[in-house]
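**Q** My structure file run_29.cif, mmCIF, C-alpha atoms and all ligand atoms, is below:
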```
data_run
loop_
_atom_site.label_atom_id
_atom_site.label_comp_id
_atom_site.auth_asym_id
_atom_site.auth_seq_id
_atom_site.Cartn_x
_atom_site.Cartn_y
_atom_site.Cartn_z
CA ALA A 1 -17.04 13.43 -24.53
CA ALA A 2 -17.73 10.29 -22.50
CA PHE A 3 -15.03 9.70 -19.93
CA ARG A 4 -12.60 6.97 -20.92
CA PRO A 5 -9.59 6.18 -18.74
CA SER A 6 -8.27 3.87 -21.43
CA ARG A 7 -9.11 2.57 -24.89
CA HIS A 8 -11.13 -0.35 -23.54
CA SER A 9 -12.58 0.97 -20.29
CA THR A 10 -15.26 3.54 -19.56
CA ARG A 11 -15.22 3.04 -15.80
CA PRO A 12 -13.64 5.82 -13.71
CA VAL A 13 -10.49 4.88 -11.87
CA ARG A 14 -10.01 5.49 -8.14
CA VAL A 15 -6.59 5.81 -6.62
CA SER A 16 -4.95 5.80 -3.21
CA PHE A 17 -1.46 6.94 -2.31
CA GLU A 18 1.02 5.50 0.17
CA PHE A 19 3.63 7.66 1.93
CA PHE A 20 6.24 6.98 4.57
CA PRO A 21 6.81 9.25 7.59
CA PRO A 22 9.74 11.63 7.06
CA LYS A 23 12.94 11.31 9.08
CA THR A 24 14.38 14.76 8.52
CA GLU A 25 13.11 18.28 7.92
CA GLU A 26 14.23 18.03 4.31
CA MET A 27 12.24 14.81 3.82
CA GLU A 28 9.28 16.40 5.54
CA LYS A 29 9.29 19.24 2.99
CA THR A 30 9.42 16.76 0.10
CA LEU A 31 6.55 14.75 1.59
CA TRP A 32 4.25 17.74 2.08
CA ALA A 33 5.05 19.17 -1.33
CA SER A 34 4.07 15.76 -2.77
CA ILE A 35 0.88 15.62 -0.72
CA GLU A 36 -0.06 19.12 -1.89
CA ARG A 37 0.50 18.12 -5.48
CA LEU A 38 -1.43 14.86 -5.28
CA ALA A 39 -4.29 15.94 -2.97
CA PRO A 40 -6.29 17.73 -5.70
CA LEU A 41 -6.65 14.36 -7.47
CA ALA A 42 -9.06 13.46 -4.63
CA PRO A 43 -7.67 10.00 -3.78
CA SER A 44 -10.00 7.54 -1.99
CA PHE A 45 -7.50 7.62 0.88
CA VAL A 46 -3.84 8.21 1.60
CA SER A 47 -1.90 5.83 3.81
CA VAL A 48 1.14 6.34 6.02
CA THR A 49 3.46 3.41 6.74
CA TYR A 50 4.68 2.22 10.12
CA GLY A 51 8.44 1.70 10.30
CA ALA A 52 9.92 -1.74 10.86
CA GLY A 53 9.70 -2.75 14.51
CA GLY A 54 7.37 0.16 15.25
CA SER A 55 10.32 2.54 14.86
CA THR A 56 8.17 5.33 13.44
CA ARG A 57 5.28 5.07 15.88
CA GLU A 58 5.37 8.79 16.77
CA ARG A 59 6.25 9.97 13.26
CA THR A 60 3.48 7.90 11.66
CA HIS A 61 1.01 9.30 14.18
CA ALA A 62 2.21 12.88 13.66
CA THR A 63 1.94 12.59 9.86
CA VAL A 64 -1.53 11.05 10.04
CA LYS A 65 -2.66 13.69 12.55
CA ARG A 66 -1.44 16.50 10.29
CA LEU A 67 -3.36 14.95 7.38
CA VAL A 68 -6.51 15.01 9.54
CA ASP A 69 -5.94 18.55 10.80
CA GLU A 70 -4.74 20.26 7.64
CA THR A 71 -6.22 18.47 4.64
CA ALA A 72 -9.54 17.12 3.39
CA LEU A 73 -7.87 13.76 2.67
CA LYS A 74 -8.94 10.53 4.36
CA PRO A 75 -5.83 9.08 6.03
CA ALA A 76 -5.20 5.41 6.74
CA ALA A 77 -2.59 4.60 9.38
CA HIS A 78 -0.47 1.46 8.93
CA LEU A 79 0.11 -0.54 12.11
CA THR A 80 2.07 -3.72 12.86
CA CYS A 81 2.15 -6.30 15.67
CA VAL A 82 5.95 -6.13 16.03
CA ALA A 83 7.77 -5.37 19.30
CA ALA A 84 4.73 -4.21 21.24
CA THR A 85 2.26 -5.64 23.75
CA ARG A 86 -1.44 -5.74 22.97
CA ALA A 87 -1.95 -2.89 25.45
CA GLU A 88 0.60 -0.75 23.60
CA VAL A 89 -0.92 -1.46 20.20
CA ASP A 90 -4.42 -0.85 21.55
CA GLU A 91 -3.31 2.50 22.90
CA VAL A 92 -2.07 3.51 19.44
CA VAL A 93 -5.40 2.39 17.94
CA ARG A 94 -7.42 4.37 20.51
CA GLY A 95 -5.21 7.39 19.84
CA TYR A 96 -6.12 7.17 16.15
CA TRP A 97 -9.80 6.86 16.93
CA ALA A 98 -9.60 9.93 19.21
CA ALA A 99 -7.78 11.85 16.45
CA GLY A 100 -10.63 11.13 14.02
CA VAL A 101 -8.83 8.45 11.99
CA ARG A 102 -11.20 5.69 10.82
CA HIS A 103 -9.01 3.52 8.58
CA ILE A 104 -6.09 1.28 9.60
CA VAL A 105 -3.85 -0.88 7.43
CA ALA A 106 -3.21 -3.87 9.70
CA LEU A 107 -0.01 -5.84 9.21
CA ARG A 108 1.91 -8.50 11.03
CA GLY A 109 5.16 -6.71 10.18
CA ASP A 110 8.65 -8.07 9.68
CA PRO A 111 10.70 -9.79 12.39
CA ALA A 112 12.25 -7.24 14.77
CA ASP A 113 15.65 -8.90 14.10
CA GLY A 114 15.42 -8.06 10.43
CA LEU A 115 14.36 -9.91 7.29
CA GLY A 116 15.41 -13.52 7.14
CA ALA A 117 14.95 -14.06 10.88
CA ALA A 118 12.00 -16.19 11.98
CA TYR A 119 9.00 -14.17 13.10
CA ILE A 120 8.43 -14.56 16.81
CA PRO A 121 5.37 -12.79 18.18
CA HIS A 122 6.01 -10.42 21.06
CA PRO A 123 5.02 -12.12 24.33
CA GLY A 124 1.75 -10.45 25.24
CA GLY A 125 1.49 -8.93 21.78
CA TYR A 126 -0.84 -9.65 18.87
CA ALA A 127 0.32 -12.99 17.49
CA SER A 128 -0.69 -12.55 13.85
CA SER A 129 -2.30 -10.18 11.39
CA PRO A 130 -5.83 -11.69 11.75
CA ASP A 131 -5.42 -11.30 15.51
CA LEU A 132 -4.55 -7.61 15.03
CA VAL A 133 -7.48 -7.04 12.65
CA ALA A 134 -9.85 -8.50 15.27
CA GLY A 135 -8.25 -6.37 18.01
CA ILE A 136 -8.69 -3.18 15.98
CA LYS A 137 -12.32 -3.99 15.18
CA ALA A 138 -12.97 -4.61 18.89
CA ILE A 139 -11.80 -1.07 19.69
CA GLY A 140 -13.75 0.86 17.07
CA ASN A 141 -15.59 0.39 13.82
CA PHE A 142 -12.51 1.15 11.74
CA GLU A 143 -12.23 0.35 8.09
CA VAL A 144 -9.40 -2.21 8.07
CA SER A 145 -7.22 -2.91 5.05
CA VAL A 146 -4.56 -5.63 4.88
CA ALA A 147 -1.70 -6.80 2.65
CA ALA A 148 -1.89 -9.44 -0.10
CA TYR A 149 0.90 -11.10 -2.05
CA PRO A 150 0.35 -12.05 -5.72
CA GLU A 151 3.72 -13.88 -5.74
CA LYS A 152 3.16 -15.16 -2.17
CA HIS A 153 4.92 -13.81 0.88
CA PRO A 154 8.57 -14.97 1.09
CA GLU A 155 7.85 -16.82 4.37
CA SER A 156 4.77 -18.54 3.05
CA PRO A 157 5.17 -22.22 2.12
CA SER A 158 2.68 -21.90 -0.76
CA VAL A 159 0.21 -19.59 -2.46
CA GLU A 160 -2.57 -21.66 -0.84
CA ALA A 161 -1.19 -20.98 2.66
CA ASP A 162 -0.92 -17.33 1.77
CA ILE A 163 -4.50 -17.11 0.54
CA GLU A 164 -5.65 -18.99 3.63
CA MET A 165 -4.01 -16.23 5.73
CA LEU A 166 -5.80 -13.60 3.64
CA LYS A 167 -9.08 -15.40 4.30
CA ARG A 168 -8.43 -15.34 8.05
CA LYS A 169 -7.82 -11.58 7.82
CA VAL A 170 -11.11 -11.11 5.96
CA ASP A 171 -12.97 -13.31 8.46
CA ALA A 172 -11.55 -11.09 11.22
CA GLY A 173 -13.03 -7.98 9.59
CA ALA A 174 -10.68 -6.71 6.84
CA THR A 175 -12.59 -5.20 3.92
CA ARG A 176 -9.82 -4.40 1.45
CA ALA A 177 -6.39 -5.77 0.56
CA MET A 178 -3.61 -3.87 -1.17
CA THR A 179 -1.08 -6.04 -2.94
CA GLN A 180 2.65 -6.13 -2.74
CA PHE A 181 3.94 -4.51 -5.93
CA PHE A 182 4.43 -6.62 -9.05
CA PHE A 183 5.61 -5.86 -12.55
CA ASP A 184 3.96 -8.63 -14.52
CA ASN A 185 0.20 -8.04 -14.54
CA ASP A 186 -0.54 -11.68 -15.37
CA LEU A 187 0.74 -12.59 -11.89
CA TYR A 188 -1.90 -10.31 -10.37
CA PHE A 189 -4.77 -11.70 -12.45
CA ARG A 190 -3.78 -15.33 -11.79
CA TYR A 191 -3.64 -14.55 -8.06
CA LEU A 192 -7.01 -12.77 -8.20
CA ASP A 193 -8.60 -15.86 -9.79
CA ARG A 194 -7.26 -18.06 -6.98
CA VAL A 195 -8.44 -15.61 -4.30
CA ARG A 196 -11.94 -15.44 -5.81
CA ALA A 197 -12.02 -19.25 -6.11
CA LYS A 198 -11.61 -19.38 -2.31
CA GLY A 199 -14.70 -17.21 -1.90
CA ILE A 200 -12.80 -14.06 -0.87
CA ASP A 201 -14.76 -11.17 -2.34
CA ILE A 202 -13.14 -8.02 -0.90
CA PRO A 203 -11.36 -5.64 -3.31
CA ILE A 204 -7.78 -6.78 -3.97
CA VAL A 205 -6.28 -3.46 -5.00
CA PRO A 206 -3.10 -3.67 -7.09
CA GLY A 207 -0.13 -1.98 -5.42
CA ILE A 208 1.85 -0.07 -8.03
CA LEU A 209 5.48 0.87 -7.58
CA PRO A 210 6.33 3.38 -10.29
CA VAL A 211 9.99 2.63 -10.96
CA GLN A 212 11.86 5.88 -10.52
CA ASN A 213 15.18 4.19 -9.86
CA PHE A 214 15.60 0.68 -11.26
CA LYS A 215 18.42 -0.42 -8.96
CA GLN A 216 16.45 0.61 -5.89
CA ALA A 217 13.26 -1.04 -7.17
CA ALA A 218 15.15 -4.27 -7.90
CA SER A 219 16.55 -4.27 -4.38
CA PHE A 220 13.06 -3.69 -2.86
CA ALA A 221 11.73 -6.48 -5.06
CA LYS A 222 14.36 -8.92 -3.83
CA ARG A 223 13.44 -8.23 -0.21
CA ALA A 224 9.72 -8.38 -0.92
CA GLY A 225 9.85 -11.62 -2.91
CA ALA A 226 8.56 -9.84 -6.03
CA SER A 227 10.02 -10.92 -9.36
CA VAL A 228 11.71 -8.51 -11.74
CA PRO A 229 11.07 -9.56 -15.35
CA PRO A 230 14.11 -9.46 -17.62
CA TRP A 231 12.35 -7.03 -19.98
CA LEU A 232 12.12 -4.48 -17.17
CA ALA A 233 15.86 -4.61 -16.56
CA THR A 234 16.46 -4.26 -20.30
CA ARG A 235 14.33 -1.13 -20.46
CA PHE A 236 16.45 0.65 -17.89
CA GLU A 237 19.75 -0.76 -19.17
CA GLY A 238 22.50 1.83 -19.63
CA LEU A 239 20.49 4.68 -18.11
CA ASP A 240 22.13 4.88 -14.68
CA GLU A 241 23.77 8.20 -15.55
CA ASP A 242 21.02 9.48 -17.88
CA VAL A 243 18.40 10.93 -15.57
CA GLU A 244 16.29 12.57 -18.26
CA THR A 245 15.81 9.45 -20.41
CA ARG A 246 15.30 7.38 -17.28
CA ARG A 247 12.39 9.63 -16.26
CA LEU A 248 10.76 9.22 -19.65
CA ILE A 249 11.20 5.45 -19.62
CA ALA A 250 9.87 5.32 -16.05
CA ALA A 251 6.72 7.13 -17.13
CA ALA A 252 6.27 4.86 -20.15
CA VAL A 253 6.73 1.69 -18.07
CA ALA A 254 4.29 2.81 -15.36
CA ALA A 255 1.76 3.98 -17.96
CA GLU A 256 1.89 0.66 -19.77
CA GLN A 257 1.32 -1.29 -16.54
CA VAL A 258 -1.63 0.72 -15.24
CA ILE A 259 -3.38 1.04 -18.60
CA ASP A 260 -3.18 -2.71 -19.08
CA LEU A 261 -4.66 -3.24 -15.59
CA VAL A 262 -7.50 -0.80 -16.30
CA ASP A 263 -8.14 -2.35 -19.72
CA ARG A 264 -8.50 -5.69 -17.94
CA GLY A 265 -11.10 -4.42 -15.49
CA VAL A 266 -9.21 -2.91 -12.57
CA THR A 267 -10.93 0.20 -11.12
CA ASP A 268 -8.79 0.90 -8.01
CA LEU A 269 -5.04 1.37 -7.80
CA HIS A 270 -2.79 1.90 -4.77
CA PHE A 271 0.42 3.78 -5.53
CA TYR A 272 3.64 3.38 -3.55
CA THR A 273 4.65 7.01 -4.05
CA MET A 274 8.01 6.88 -2.22
CA ASN A 275 6.91 10.39 -1.18
CA ARG A 276 7.44 11.67 -4.72
CA ALA A 277 4.60 13.12 -6.74
CA ASP A 278 5.68 13.70 -10.34
CA LEU A 279 5.49 10.27 -11.86
CA VAL A 280 2.36 9.28 -9.91
CA TYR A 281 0.68 12.54 -10.85
CA ALA A 282 1.43 11.99 -14.54
CA VAL A 283 0.15 8.41 -14.48
CA CYS A 284 -3.04 9.52 -12.71
CA HIS A 285 -3.54 12.24 -15.33
CA LEU A 286 -3.20 9.61 -18.00
CA LEU A 287 -5.93 7.60 -16.26
CA GLY A 288 -8.28 10.57 -16.49
CA LEU A 289 -7.90 12.01 -12.99
CA ARG A 290 -7.98 15.80 -12.92
CA PRO A 291 -7.44 18.27 -10.08
CA GLN A 292 -10.67 18.95 -8.20
CA ALA A 293 -11.57 22.27 -6.61
CA GLU A 294 -11.33 22.31 -2.81
CA PRO A 295 -15.10 21.93 -2.03
CA ALA A 296 -15.38 18.89 -4.32
CA ARG A 297 -12.32 17.39 -2.64
CA ALA A 298 -13.83 17.92 0.79
CA ALA A 299 -17.03 16.24 -0.41
CA VAL A 300 -15.08 13.21 -1.66
CA ALA A 301 -13.23 13.02 1.66
CA ALA A 302 -16.50 13.18 3.59
CA GLU A 303 -18.16 10.36 1.61
P1 LIG A 401 0.54 -11.88 7.03
O1 LIG A 401 -0.48 -11.67 5.99
O2 LIG A 401 0.09 -12.17 8.39
O3 LIG A 401 1.53 -13.02 6.60
C1 LIG A 401 2.08 -13.07 5.28
C2 LIG A 401 2.37 -14.51 4.94
O4 LIG A 401 3.44 -15.02 5.70
C3 LIG A 401 1.18 -15.37 5.24
O5 LIG A 401 0.46 -15.62 4.08
C4 LIG A 401 1.72 -16.64 5.84
O6 LIG A 401 1.66 -17.68 4.91
C5 LIG A 401 3.13 -16.31 6.20
N1 LIG A 401 3.29 -16.28 7.65
C6 LIG A 401 2.88 -15.30 8.49
N2 LIG A 401 3.20 -15.57 9.74
C7 LIG A 401 3.83 -16.75 9.69
C8 LIG A 401 4.41 -17.59 10.68
N3 LIG A 401 4.42 -17.24 11.97
N4 LIG A 401 4.99 -18.74 10.27
C9 LIG A 401 5.00 -19.09 8.95
N5 LIG A 401 4.45 -18.33 7.97
C10 LIG A 401 3.89 -17.21 8.34
N6 LIG A 401 5.61 -3.43 6.92
C11 LIG A 401 5.83 -2.54 7.93
O7 LIG A 401 6.67 -2.78 8.81
N7 LIG A 401 5.16 -1.34 7.97
C12 LIG A 401 4.23 -1.02 7.05
O8 LIG A 401 3.65 0.07 7.12
C13 LIG A 401 3.95 -1.93 5.99
N8 LIG A 401 3.01 -1.67 5.04
C14 LIG A 401 2.73 -2.60 4.07
C15 LIG A 401 1.72 -2.33 3.15
C16 LIG A 401 1.42 -3.24 2.13
C17 LIG A 401 0.32 -2.92 1.17
C18 LIG A 401 2.17 -4.45 2.03
C19 LIG A 401 1.89 -5.42 0.92
C20 LIG A 401 3.17 -4.73 2.97
C21 LIG A 401 3.47 -3.83 3.99
N9 LIG A 401 4.44 -4.09 4.96
C22 LIG A 401 4.68 -3.16 5.96
C23 LIG A 401 5.24 -5.33 4.92
C24 LIG A 401 4.70 -6.43 5.84
O9 LIG A 401 4.75 -6.01 7.18
C25 LIG A 401 5.56 -7.67 5.65
O10 LIG A 401 5.38 -8.20 4.37
C26 LIG A 401 5.38 -8.75 6.72
O11 LIG A 401 6.43 -9.69 6.60
C27 LIG A 401 4.06 -9.50 6.61
O12 LIG A 401 3.01 -8.78 7.12
P2 LIG A 401 1.51 -9.18 6.68
O13 LIG A 401 0.55 -8.46 7.52
O14 LIG A 401 1.36 -9.10 5.24
O15 LIG A 401 1.57 -10.71 7.14
#
```
Mind turning this structure into structure tokens?
Ligand code: FAD

**A**
Amino acid sequence: AAFRPSRHSTRPVRVSFEFFPPKTEEMEKTLWASIERLAPLAPSFVSVTYGAGGSTRERTHATVKRLVDETALKPAAHLTCVAATRAEVDEVVRGYWAAGVRHIVALRGDPADGLGAAYIPHPGGYASSPDLVAGIKAIGNFEVSVAAYPEKHPESPSVEADIEMLKRKVDAGATRAMTQFFFDNDLYFRYLDRVRAKGIDIPIVPGILPVQNFKQAASFAKRAGASVPPWLATRFEGLDEDVETRRLIAAAVAAEQVIDLVDRGVTDLHFYTMNRADLVYAVCHLLGLRPQAEPARAAVAAE
């Protein structure tokens, strides 16, 4: 039968997965169990975040290095401008190049003093995300991805200012943006229209946060400036103590969001996995992704 990821789309869907570096041995086991489960789905790439203020510099590097050494996956290392000189950031970038990493997710990062504080560039550091993108491209021909904000970044005075920043990142060499998560797909499509109207033609890949725990997701959303529609809260209402039903609702909510995106033309999705595989795996299955044998996976990774 012809492949159909959804009722209205015949185009195959590509996915990427985001992980964060583990803090403890226990978390490390969970992460690698999740990577093992998701790897056979042959994602386009897997990315590893960089802790606020550069706090996970070594752990991000170690996780990315292990992905290079032990898997056929293509890793992307997140990197921020925060709390480091240009020389320090450049050293991290060269270290990635030497380790065989060819994709960096370049971010300004959050103020070292925490959210809510004004962002003050490190003296002698990269001043902004476009500056960092240019710095990375000057070191090696990395693929550089950046962040985009369908509901605008909380510090941004307007969507226009936000899109202008995205344009500067693209002009500096970024070739893909992953969005902050959102729950209302119309917000994404309205944003996409405005981005395209400014002549920005790189892929703007929707960032999907499968809601495993509503309270936690709502708290992330508040910090990220992402809105939580009332219907989402209603769906999880009364389930705080009912893990089993919550899991089923979580799967239904995530399925509904991604199928609607795919029906409306989206072909690439970036999942914030929170280092957990189950829900993401199920949603990918629903979108038609099936485990690939090892040689096929290696071929995808080598593309
Ligand atoms: P930019 O795109 O440079 O700026 C975002 C907006 O803020 C701009 O549109 C601009 O309007 C406004 N702005 C920026 N600088 C200023 C200024 N000086 N004055 C006024 N307005 C300004 N954070 C981490 O610490 N580690 C990660 O690994 C990480 N990964 C992420 C991955 C994705 C896909 C996303 C969406 C976010 C991620 N973040 C991460 C969060 C990110 O670091 C924060 O959102 C940060 O506040 C902005 O970084 P940026 O590169 O998006 O900023």

**Q** Report as a VMD selection string all protein, DNA and RNA residues lying within 10 Å of Thr85 in chain A, evaluated on all atoms listed in the file, omitting residues in the same chain fewer than 5 positions from it.

**A** chain A and resid 90 to 91 121 to 127

**Q** Rank A:Leu287, A:Ala282, A:Arg176, A:Ser227 by their smallest atom-to-atom distance to Asp263 in chain A, using all atoms listed in the file, and report the top residue only.

**A**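 With all atoms listed in the file as the atom set, the closest residue is A:Leu287.
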
**Q** Which residues are close to Ser44 in chain A, i.e. within 7 Å by only C-alpha atoms, leaving aside same-chain residues fewer than 5 positions away? Reply as a list in words.

**A**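 Here the answer would be Arg14, Val15 and Ser16 of chain A.
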
**Q** Using C-alpha atoms, can you write the selected residues to a file as a CSV table (one decimal), in the coordinates of the input?

**A**
```csv
chain,number,residue,atom,x,y,z
A,14,ARG,CA,-10.0,5.5,-8.1
A,15,VAL,CA,-6.6,5.8,-6.6
A,16,SER,CA,-5.0,5.8,-3.2
```

**Q** Hey, which of A:Phe45, A:Phe181, A:Tyr188, A:Tyr96 ends up closest to ligand LIG 401 (chain A)? Count only C-alpha atoms and all ligand atoms.

**A**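 Among A:Phe45, A:Phe181, A:Tyr188, A:Tyr96, it is A:Phe181 that comes nearest to ligand LIG 401 (chain A).
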
**Q** Determine the nearest neighbour of ligand LIG 401 (chain A) from the options A:Pro291, A:Pro40, A:Pro22, A:Gly53, counting only C-alpha atoms and all ligand atoms.

**A**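 Counting only C-alpha atoms and all ligand atoms, the residue closest to ligand LIG 401 (chain A) is A:Gly53.
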
**Q** If we count all atoms listed in the file, what is near range 234-247 of chain A at a cut-off of 12 Å, once residues fewer than 2 positions away on the same chain are taken out, given as a compact mmCIF listing (two decimals) with C-alpha atoms, in the coordinates of the input?

**A**
```txt
# COMPACT_ATOMS: atom_id res chain seq x y z
CA PRO A 210 6.33 3.38 -10.29
CA VAL A 211 9.99 2.63 -10.96
CA GLN A 212 11.86 5.88 -10.52
CA ASN A 213 15.18 4.19 -9.86
CA PHE A 214 15.60 0.68 -11.26
CA LYS A 215 18.42 -0.42 -8.96
CA GLN A 216 16.45 0.61 -5.89
CA ALA A 217 13.26 -1.04 -7.17
CA ALA A 218 15.15 -4.27 -7.90
CA VAL A 228 11.71 -8.51 -11.74
CA PRO A 229 11.07 -9.56 -15.35
CA PRO A 230 14.11 -9.46 -17.62
CA TRP A 231 12.35 -7.03 -19.98
CA LEU A 232 12.12 -4.48 -17.17
CA ILE A 249 11.20 5.45 -19.62
CA ALA A 250 9.87 5.32 -16.05
CA ALA A 251 6.72 7.13 -17.13
CA ALA A 252 6.27 4.86 -20.15
CA VAL A 253 6.73 1.69 -18.07
CA ALA A 254 4.29 2.81 -15.36
CA ASP A 278 5.68 13.70 -10.34
CA LEU A 279 5.49 10.27 -11.86
CA VAL A 280 2.36 9.28 -9.91
CA ALA A 282 1.43 11.99 -14.54
```

**Q** For ligand LIG 401 (chain A), list the contacting residues at 6 Å or closer, counting all atoms listed in the file, as number ranges by chain.

**A** A: 49-52, 78, 107-110, 119, 128-129, 147-148, 153, 155-156, 161-162, 165, 178-180

**Q** Find the residues near Met27 in chain A: any atom within 12 Å, counting all atoms listed in the file, skip ones fewer than 6 places away on the same chain, and give them as a VMD selection string.

**A** chain A and resid 19 to 21 33 to 34 274 to 276

**Q** CA of Ala233 in chain A and CA of Leu192 in chain A are how many Å apart?

**A**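 Between CA of Ala233 in chain A and CA of Leu192 in chain A the gap works out to 25.7 Å.
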
**Q** Taking 4 positions as the minimum chain separation for residues in the same chain, which residues sit within 10 Å of Thr175 in chain A when counting all atoms listed in the file? Answer as a PyMOL selection string.

**A** chain A and resi 143-146+169-171+201-204

**Q** What is the CA of Lys65 in chain A-CA of Asp268 in chain A distance in Å, reported with one decimal?

**A**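 Taking CA of Lys65 in chain A and CA of Asp268 in chain A, their separation equals 25.0 Å.
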
**Q** Taking every listed atom of range 45-62 of chain A and adding 5 Å to each side, what centre and edge lengths in Å (one decimal) does the axis-aligned box have, as lines of an AutoDock Vina configuration file?

**A**
```
center_x = 1.4
center_y = 5.1
center_z = 8.8
size_x = 27.8
size_y = 25.6
size_z = 25.9
```

**Q** Compare A:Val283, A:Ile200, A:Ala138, A:Leu269 by their minimum atom-to-atom distance to Ile163 in chain A, counting only C-alpha atoms, and give me the closest one.

**A**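 The answer is A:Ile200, which sits nearest to Ile163 in chain A.
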
**Q** Given the point (8.6, -7.0, -5.6) in the file's coordinates, find the residues that have an atom at most 10 Å from it, counting all atoms listed in the file, and give them as an NGL selection string.

**A** :A and (149-151 or 180-183 or 208-209 or 217-228)

**Q** Rounded to one decimal, what separation in Å do you get between CA of Ser9 in chain A and CA of Lys198 in chain A?

**A**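 Interatomic distance, CA of Ser9 in chain A to CA of Lys198 in chain A: 27.2 Å.
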
**Q** Find the residue from A:Ala134, A:Ser6, A:Glu58, A:Trp97 that sits nearest to Ala255 in chain A; use all atoms listed in the file when measuring.

**A** A:Ser6

**Q** With all atoms listed in the file as the basis for distance, which of A:Ile104, A:Val159, A:Arg7, A:Arg290 is at the shortest distance from Arg37 in chain A?

**A**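 Going through A:Ile104, A:Val159, A:Arg7, A:Arg290 one by one, the smallest distance to Arg37 in chain A is for A:Arg290.
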
**Q** Where atoms are missing, can you supply N, CA and C atoms for range 116-129 of chain A and output the lot as an mmCIF file, keeping the file's coordinate frame?

**A**
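That gives us rebuild04.cif:
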```
data_model
loop_
_atom_site.group_PDB
_atom_site.id
_atom_site.type_symbol
_atom_site.label_atom_id
_atom_site.label_comp_id
_atom_site.auth_asym_id
_atom_site.auth_seq_id
_atom_site.Cartn_x
_atom_site.Cartn_y
_atom_site.Cartn_z
ATOM 1 N N GLY A 116 14.614 -12.286 7.159
ATOM 2 C CA GLY A 116 15.410 -13.520 7.140
ATOM 3 C C GLY A 116 15.304 -14.228 8.481
ATOM 4 N N ALA A 117 15.125 -13.443 9.561
ATOM 5 C CA ALA A 117 14.950 -14.060 10.880
ATOM 6 C C ALA A 117 13.530 -14.624 10.962
ATOM 7 N N ALA A 118 13.354 -15.647 11.826
ATOM 8 C CA ALA A 118 12.000 -16.190 11.980
ATOM 9 C C ALA A 118 11.161 -15.175 12.750
ATOM 10 N N TYR A 119 9.872 -15.110 12.398
ATOM 11 C CA TYR A 119 9.000 -14.170 13.100
ATOM 12 C C TYR A 119 8.557 -14.779 14.424
ATOM 13 N N ILE A 120 8.878 -14.092 15.493
ATOM 14 C CA ILE A 120 8.430 -14.560 16.810
ATOM 15 C C ILE A 120 7.543 -13.476 17.405
ATOM 16 N N PRO A 121 6.255 -13.823 17.640
ATOM 17 C CA PRO A 121 5.370 -12.790 18.180
ATOM 18 C C PRO A 121 5.873 -12.278 19.530
ATOM 19 N N HIS A 122 5.637 -11.025 19.784
ATOM 20 C CA HIS A 122 6.010 -10.420 21.060
ATOM 21 C C HIS A 122 5.178 -11.099 22.162
ATOM 22 N N PRO A 123 5.829 -11.505 23.271
ATOM 23 C CA PRO A 123 5.020 -12.120 24.330
ATOM 24 C C PRO A 123 4.015 -11.073 24.829
ATOM 25 N N GLY A 124 2.762 -11.438 24.814
ATOM 26 C CA GLY A 124 1.750 -10.450 25.240
ATOM 27 C C GLY A 124 1.337 -9.525 24.120
ATOM 28 N N GLY A 125 1.868 -9.778 22.919
ATOM 29 C CA GLY A 125 1.490 -8.930 21.780
ATOM 30 C C GLY A 125 0.468 -9.641 20.902
ATOM 31 N N TYR A 126 0.022 -8.994 19.850
ATOM 32 C CA TYR A 126 -0.840 -9.650 18.870
ATOM 33 C C TYR A 126 0.019 -10.675 18.129
ATOM 34 N N ALA A 127 -0.493 -11.899 18.013
ATOM 35 C CA ALA A 127 0.320 -12.990 17.490
ATOM 36 C C ALA A 127 0.392 -12.993 15.966
ATOM 37 N N SER A 128 -0.622 -12.437 15.301
ATOM 38 C CA SER A 128 -0.690 -12.550 13.850
ATOM 39 C C SER A 128 -1.531 -11.405 13.296
ATOM 40 N N SER A 129 -1.519 -11.270 11.977
ATOM 41 C CA SER A 129 -2.300 -10.180 11.390
ATOM 42 C C SER A 129 -3.822 -10.353 11.606
#
```
